[in-house]
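The file start27.pdb comes next; it holds PDB, C-alpha atoms.
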ATOM      1  CA  MET A   1       4.409   0.569  21.118
ATOM      2  CA  THR A   2       4.038   3.176  18.390
ATOM      3  CA  PHE A   3       4.560   1.859  14.863
ATOM      4  CA  CYS A   4       5.015   3.316  11.394
ATOM      5  CA  LEU A   5       2.397   2.875   8.706
ATOM      6  CA  LEU A   6       4.391   3.110   5.496
ATOM      7  CA  VAL A   7       2.196   3.902   2.477
ATOM      8  CA  VAL A   8       3.905   3.381  -0.880
ATOM      9  CA  ALA A   9       2.220   5.665  -3.407
ATOM     10  CA  LYS A  10       2.445   7.036  -6.945
ATOM     11  CA  ALA A  11       0.981  10.356  -8.041
ATOM     12  CA  PRO A  12      -2.282   9.518  -9.868
ATOM     13  CA  VAL A  13      -1.551  11.259 -13.162
ATOM     14  CA  PRO A  14      -4.070  10.669 -15.982
ATOM     15  CA  GLY A  15      -2.624   8.344 -18.585
ATOM     16  CA  PHE A  16      -0.205   6.781 -16.090
ATOM     17  CA  ALA A  17      -2.464   5.695 -13.199
ATOM     18  CA  LYS A  18      -4.599   2.554 -13.222
ATOM     19  CA  THR A  19      -4.393   2.188 -16.998
ATOM     20  CA  ARG A  20      -5.793  -1.357 -16.817
ATOM     21  CA  LEU A  21      -9.149   0.210 -15.922
ATOM     22  CA  CYS A  22      -9.254   1.789 -19.410
ATOM     23  CA  PRO A  23     -11.686   1.010 -20.953
ATOM     24  CA  PRO A  24     -14.337   1.258 -19.635
ATOM     25  CA  ALA A  25     -12.854   4.110 -17.578
ATOM     26  CA  THR A  26     -11.278   7.102 -19.283
ATOM     27  CA  ALA A  27      -7.739   8.077 -18.319
ATOM     28  CA  GLU A  28      -9.144  10.866 -16.157
ATOM     29  CA  GLN A  29     -11.613   8.530 -14.430
ATOM     30  CA  ALA A  30      -8.878   5.974 -13.784
ATOM     31  CA  ALA A  31      -6.683   8.659 -12.206
ATOM     32  CA  GLU A  32      -9.629   9.795 -10.084
ATOM     33  CA  ILE A  33     -10.107   6.211  -8.882
ATOM     34  CA  ALA A  34      -6.400   5.964  -8.000
ATOM     35  CA  ALA A  35      -6.465   9.304  -6.185
ATOM     36  CA  SER A  36      -9.550   8.296  -4.236
ATOM     37  CA  ALA A  37      -7.954   4.992  -3.271
ATOM     38  CA  LEU A  38      -4.927   6.818  -1.894
ATOM     39  CA  LEU A  39      -7.004   9.331   0.032
ATOM     40  CA  ASP A  40      -9.230   6.641   1.556
ATOM     41  CA  THR A  41      -6.108   4.680   2.537
ATOM     42  CA  LEU A  42      -4.586   7.755   4.171
ATOM     43  CA  ASP A  43      -7.821   8.411   6.075
ATOM     44  CA  ALA A  44      -7.633   4.881   7.505
ATOM     45  CA  ALA A  45      -3.981   5.382   8.401
ATOM     46  CA  PHE A  46      -4.640   8.688  10.176
ATOM     47  CA  ALA A  47      -7.424   7.093  12.224
ATOM     48  CA  THR A  48      -5.216   4.218  13.438
ATOM     49  CA  ASP A  49      -4.174   4.466  17.067
ATOM     50  CA  ASP A  50      -0.428   4.560  17.849
ATOM     51  CA  ALA A  51       0.475   4.851  14.147
ATOM     52  CA  ILE A  52       2.818   7.377  12.547
ATOM     53  CA  THR A  53       2.110   7.643   8.819
ATOM     54  CA  VAL A  54       5.029   7.739   6.381
ATOM     55  CA  VAL A  55       4.419   8.055   2.627
ATOM     56  CA  ALA A  56       7.024   6.920   0.104
ATOM     57  CA  MET A  57       6.002   8.989  -2.915
ATOM     58  CA  THR A  58       6.907   9.109  -6.569
ATOM     59  CA  GLY A  59       5.531  11.016  -9.558
ATOM     60  CA  ASP A  60       4.352  14.531 -10.363
ATOM     61  CA  LEU A  61       1.701  15.478  -7.833
ATOM     62  CA  ALA A  62       1.112  18.804  -9.603
ATOM     63  CA  ALA A  63      -0.241  16.899 -12.623
ATOM     64  CA  ALA A  64      -2.223  14.396 -10.581
ATOM     65  CA  ALA A  65      -5.946  13.993 -10.076
ATOM     66  CA  ARG A  66      -6.904  15.555  -6.738
ATOM     67  CA  GLY A  67      -3.310  16.724  -6.425
ATOM     68  CA  THR A  68      -4.180  19.625  -4.127
ATOM     69  CA  GLU A  69      -6.237  17.418  -1.808
ATOM     70  CA  ILE A  70      -3.506  14.785  -1.707
ATOM     71  CA  GLY A  71      -0.940  17.481  -0.974
ATOM     72  CA  ARG A  72      -2.981  18.675   2.007
ATOM     73  CA  ALA A  73      -3.236  15.128   3.328
ATOM     74  CA  LEU A  74       0.500  14.597   2.968
ATOM     75  CA  ARG A  75       1.145  17.502   5.342
ATOM     76  CA  LYS A  76       0.014  15.152   8.125
ATOM     77  CA  THR A  77       2.697  12.606   7.195
ATOM     78  CA  THR A  78       6.426  12.187   6.829
ATOM     79  CA  VAL A  79       7.024  12.106   3.055
ATOM     80  CA  ILE A  80      10.074  10.347   1.641
ATOM     81  CA  ALA A  81      10.989   9.978  -2.016
ATOM     82  CA  GLN A  82      11.057   6.548  -3.578
ATOM     83  CA  ARG A  83      14.511   5.641  -4.833
ATOM     84  CA  GLY A  84      15.832   2.673  -6.738
ATOM     85  CA  TRP A  85      15.948   1.167 -10.210
ATOM     86  CA  ASP A  86      13.089  -1.318  -9.775
ATOM     87  CA  PHE A  87      10.059  -1.689  -7.525
ATOM     88  CA  GLY A  88      11.591  -4.262  -5.198
ATOM     89  CA  THR A  89      14.564  -1.994  -4.562
ATOM     90  CA  ARG A  90      12.301   1.016  -4.014
ATOM     91  CA  LEU A  91      10.330  -0.935  -1.415
ATOM     92  CA  ALA A  92      13.493  -2.018   0.371
ATOM     93  CA  ASN A  93      14.806   1.552   0.375
ATOM     94  CA  ALA A  94      11.483   2.906   1.621
ATOM     95  CA  HIS A  95      11.727   0.654   4.673
ATOM     96  CA  SER A  96      15.347   1.655   5.226
ATOM     97  CA  ASP A  97      14.543   5.359   4.928
ATOM     98  CA  THR A  98      11.592   4.986   7.293
ATOM     99  CA  ALA A  99      13.869   3.318   9.835
ATOM    100  CA  ALA A 100      16.304   6.218   9.513
ATOM    101  CA  VAL A 101      13.584   8.775  10.257
ATOM    102  CA  HIS A 102      11.725   6.807  12.958
ATOM    103  CA  ALA A 103      14.390   4.602  14.490
ATOM    104  CA  GLY A 104      13.427   1.563  16.495
ATOM    105  CA  MET A 105       9.810   1.365  15.382
ATOM    106  CA  PRO A 106       8.181  -1.602  13.665
ATOM    107  CA  VAL A 107       6.753  -0.866  10.233
ATOM    108  CA  LEU A 108       3.598  -1.990   8.468
ATOM    109  CA  GLN A 109       3.912  -1.286   4.746
ATOM    110  CA  ILE A 110       0.879  -1.036   2.488
ATOM    111  CA  GLY A 111       0.159   0.339  -0.968
ATOM    112  CA  MET A 112      -2.682   2.403  -2.436
ATOM    113  CA  ASP A 113      -4.480  -0.473  -4.187
ATOM    114  CA  THR A 114      -6.502  -1.729  -1.191
ATOM    115  CA  PRO A 115      -8.779   1.175  -0.189
ATOM    116  CA  GLN A 116     -11.001  -1.248   1.752
ATOM    117  CA  VAL A 117      -8.419  -1.239   4.588
ATOM    118  CA  SER A 118      -9.442   0.056   7.999
ATOM    119  CA  PRO A 119      -7.842   1.175  11.267
ATOM    120  CA  ALA A 120      -8.964  -2.094  12.857
ATOM    121  CA  LEU A 121      -7.241  -4.098  10.111
ATOM    122  CA  PHE A 122      -4.013  -2.136  10.486
ATOM    123  CA  ALA A 123      -4.015  -2.578  14.259
ATOM    124  CA  SER A 124      -4.647  -6.314  14.080
ATOM    125  CA  ALA A 125      -2.087  -6.760  11.276
ATOM    126  CA  ILE A 126       0.801  -5.255  13.220
ATOM    127  CA  GLU A 127      -0.190  -6.653  16.623
ATOM    128  CA  PRO A 128       1.822  -9.920  16.360
ATOM    129  CA  VAL A 129       4.920  -7.864  15.573
ATOM    130  CA  ARG A 130       4.301  -5.310  18.307
ATOM    131  CA  ALA A 131       3.660  -8.094  20.820
ATOM    132  CA  GLY A 132       6.837  -9.956  19.858
ATOM    133  CA  ALA A 133       4.956 -13.030  18.643
ATOM    134  CA  SER A 134       6.366 -12.697  15.127
ATOM    135  CA  ARG A 135       9.188 -10.723  13.540
ATOM    136  CA  ALA A 136       7.309 -10.441  10.242
ATOM    137  CA  VAL A 137       3.777 -10.663   8.853
ATOM    138  CA  LEU A 138       2.684 -10.785   5.212
ATOM    139  CA  GLY A 139      -0.746 -10.274   3.678
ATOM    140  CA  ASP A 140      -1.282 -12.028   0.366
ATOM    141  CA  ALA A 141      -3.380 -10.520  -2.413
ATOM    142  CA  GLU A 142      -5.827 -12.574  -4.436
ATOM    143  CA  ASP A 143      -3.802 -12.069  -7.628
ATOM    144  CA  GLY A 144      -0.692 -13.724  -6.176
ATOM    145  CA  GLY A 145       0.996 -10.567  -4.958
ATOM    146  CA  TRP A 146       0.786  -9.098  -1.472
ATOM    147  CA  TRP A 147      -0.859  -6.044   0.060
ATOM    148  CA  GLY A 148       0.839  -5.658   3.447
ATOM    149  CA  LEU A 149       4.198  -6.389   5.075
ATOM    150  CA  GLY A 150       4.949  -5.876   8.748
ATOM    151  CA  LEU A 151       8.479  -6.026  10.129
ATOM    152  CA  ALA A 152       9.875  -5.626  13.627
ATOM    153  CA  ASP A 153      13.131  -4.473  12.018
ATOM    154  CA  PRO A 154      12.371  -2.696   8.728
ATOM    155  CA  ARG A 155      16.007  -3.000   7.667
ATOM    156  CA  GLN A 156      15.248  -6.664   6.956
ATOM    157  CA  ALA A 157      13.135  -5.507   4.023
ATOM    158  CA  GLN A 158      16.379  -5.473   2.031
ATOM    159  CA  VAL A 159      15.432  -8.993   0.890
ATOM    160  CA  LEU A 160      12.715  -7.368  -1.256
ATOM    161  CA  ALA A 161      15.399  -6.028  -3.591
ATOM    162  CA  GLY A 162      15.841  -9.559  -4.949
ATOM    163  CA  VAL A 163      12.150 -10.367  -5.400
ATOM    164  CA  PRO A 164      10.480  -9.881  -8.817
ATOM    165  CA  MET A 165       7.362  -7.773  -8.304
ATOM    166  CA  SER A 166       3.982  -7.665 -10.075
ATOM    167  CA  ARG A 167       3.983 -11.383 -10.864
ATOM    168  CA  PRO A 168       1.529 -14.163  -9.975
ATOM    169  CA  ASP A 169       4.171 -15.687  -7.677
ATOM    170  CA  THR A 170       5.379 -12.474  -6.017
ATOM    171  CA  GLY A 171       3.663 -13.310  -2.733
ATOM    172  CA  PHE A 172       5.222 -16.785  -2.658
ATOM    173  CA  ARG A 173       8.660 -15.421  -3.540
ATOM    174  CA  THR A 174       8.426 -12.666  -0.924
ATOM    175  CA  ARG A 175       7.506 -15.134   1.805
ATOM    176  CA  ALA A 176      10.364 -17.394   0.727
ATOM    177  CA  ALA A 177      12.837 -14.495   0.828
ATOM    178  CA  LEU A 178      11.746 -13.482   4.319
ATOM    179  CA  THR A 179      11.878 -17.072   5.537
ATOM    180  CA  GLY A 180      15.287 -17.459   3.953
ATOM    181  CA  ALA A 181      16.474 -14.501   6.022
ATOM    182  CA  GLY A 182      15.552 -16.427   9.166
ATOM    183  CA  LEU A 183      12.173 -14.793   9.823
ATOM    184  CA  HIS A 184       9.039 -16.596  10.904
ATOM    185  CA  VAL A 185       6.350 -14.956   8.770
ATOM    186  CA  GLY A 186       2.840 -14.649  10.185
ATOM    187  CA  GLU A 187      -0.132 -14.590   7.833
ATOM    188  CA  LEU A 188      -2.509 -11.669   7.386
ATOM    189  CA  PRO A 189      -5.954 -11.829   5.763
ATOM    190  CA  ILE A 190      -6.020 -12.179   1.985
ATOM    191  CA  LEU A 191      -7.317  -9.036   0.264
ATOM    192  CA  SER A 192      -8.261  -8.130  -3.283
ATOM    193  CA  ASP A 193      -6.253  -5.255  -4.689
ATOM    194  CA  VAL A 194      -7.474  -3.103  -7.551
ATOM    195  CA  ASP A 195      -6.019  -3.867 -10.969
ATOM    196  CA  THR A 196      -9.113  -4.295 -13.161
ATOM    197  CA  MET A 197     -12.578  -2.778 -13.229
ATOM    198  CA  GLU A 198     -13.946  -6.057 -11.880
ATOM    199  CA  ASP A 199     -11.615  -5.657  -8.894
ATOM    200  CA  ALA A 200     -12.672  -2.036  -8.467
ATOM    201  CA  LEU A 201     -16.371  -2.905  -8.409
ATOM    202  CA  ARG A 202     -15.821  -5.680  -5.866
ATOM    203  CA  VAL A 203     -13.711  -3.505  -3.552
ATOM    204  CA  ALA A 204     -16.050  -0.511  -3.884
ATOM    205  CA  ALA A 205     -18.921  -2.661  -2.612
ATOM    206  CA  ILE A 206     -17.010  -3.237   0.647
ATOM    207  CA  ARG A 207     -16.821   0.507   1.459
ATOM    208  CA  PRO A 208     -19.801   2.023  -0.385
ATOM    209  CA  GLY A 209     -19.554   5.425   1.285
ATOM    210  CA  GLY A 210     -15.930   6.271   0.544
ATOM    211  CA  ARG A 211     -14.286   8.394  -2.129
ATOM    212  CA  PHE A 212     -13.138   5.261  -3.930
ATOM    213  CA  ALA A 213     -16.655   3.854  -4.293
ATOM    214  CA  THR A 214     -17.917   7.207  -5.531
ATOM    215  CA  ALA A 215     -15.161   7.395  -8.155
ATOM    216  CA  VAL A 216     -15.863   3.850  -9.329
ATOM    217  CA  ASP A 217     -19.605   4.522  -9.521
ATOM    218  CA  ALA A 218     -18.893   7.518 -11.761
ATOM    219  CA  VAL A 219     -17.622   5.206 -14.503
ATOM    220  CA  GLY A 220     -21.148   3.836 -14.812
ATOM    221  CA  VAL A 221     -20.353   0.127 -14.962
ATOM    222  CA  VAL A 222     -22.827  -2.224 -13.304
ATOM    223  CA  ALA A 223     -21.383  -5.141 -11.342
TER     224      ALA A 223
END

Written as C-alpha cells, how would this file's structure read?
Amino acid sequence: MTFCLLVVAKAPVPGFAKTRLCPPATAEQAAEIAASALLDTLDAAFATDDAITVVAMTGDLAAAARGTEIGRALRKTTVIAQRGWDFGTRLANAHSDTAAVHAGMPVLQIGMDTPQVSPALFASAIEPVRAGASRAVLGDAEDGGWWGLGLADPRQAQVLAGVPMSRPDTGFRTRAALTGAGLHVGELPILSDVDTMEDALRVAAIRPGGRFATAVDAVGVVA
C-alpha cells in the first residue's frame, strides 16, 4: 500500500531558524544547518519506496538559506500551507489536508529536526500501520517530544490540537491523547532531534557525508 510521508517544515530564514544554535553558530550558519536538515530529510523521503511526499510549509522561502535549492526539491512534492493558531492545530490540519489530497492513504508525519532518518527507517516505521497491526505509531524524541507519527486514518490527528507542543512531556501527552481516542499506539525507535549544538554534533556524526554534517562542521565546534 502506498503511503504519504508528511514533512512539516519551516523556511530556514536567518534569525528565525535554529536560534538555539547561536552561539556558537551565527544566524546564517544556523539557517544553513536548518536548510541542510530539511534537504537531507527530503532526500530520504524521495528514496523511500511506495511513499508520496507531502510538505506542510510555512515561512518565506525567498528569504531562506538555500531557498532556491529547497524550492527545486519541493517541485517533487505536494506542498500544502500550514494553517492554525498554534503548532498542535497546524499539525492536525496538515494531516487533514493531506487526507483531502491523497484520500485513503496512511500517513507518516515527520519534521525537519531529525536529518539522520533514512528510507529504511521510514519503511519500518509505517509497516505496522500498512500491515494493519496497529492504527497508530509514535516515535519519541530524547528531549521528551516526538519525531514521527504514523496513522492509518490521518483524520484522527485532530487530537493533536489539544496537546501542548515543545514541552518535556509532549511525547507522553501525545500518546495519551491518541490512546484516549481509542488507538493502540505502537512504539518507534527513540531519536535525538536537533535543538542545541550538542544535538547537532551528535546527529551529524550519524550521517557524516550529508549536507547537514557539512553545515555543522562549518561552525567549527569540536565534539

Taking (-1.0, -13.6, -5.6) in the file's own coordinates, collect the residues within 7 Å, counting only C-alpha atoms, and hand them back as an MDAnalysis selection string. chainID A and resid 140:146 168:171

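Every protein or nucleic acid residue with an atom no more than 9 Å from region 119-133 of chain A, counting all atoms listed in the file and leaving out same-chain residues fewer than 6 positions away, appears here: A:Met1, A:Thr2, A:Phe3, A:Leu5, A:Asp43, A:Ala44, A:Ala45, A:Phe46, A:Ala47, A:Thr48, A:Asp49, A:Asp50, A:Ala51, A:Pro106, A:Val107, A:Leu108, A:Gly139, A:Gly148, A:Leu149, A:Gly150, A:Leu151, A:Ala152, A:Gly186, A:Glu187, A:Leu188, A:Pro189.
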
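Residue selection for this entry, given the PyMOL selection byres ((chain A and resi 76-80) around 7), comprises A:Thr53, A:Val54, A:Val55, A:Ala56, A:Met57, A:Ala73, A:Leu74, A:Arg75, A:Ala81, A:Gln82.
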
Taking the file above as input, evaluate the PyMOL selection byres ((chain A and resi 91) around 8) and report the hits as a PyMOL selection string. chain A and resi 8+82+87-90+92-95+157+160-161

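For the atom pair formed by CA of Val159 (chain A) and CA of Val194 (chain A), the distance is 25.1 Å, given to one decimal.
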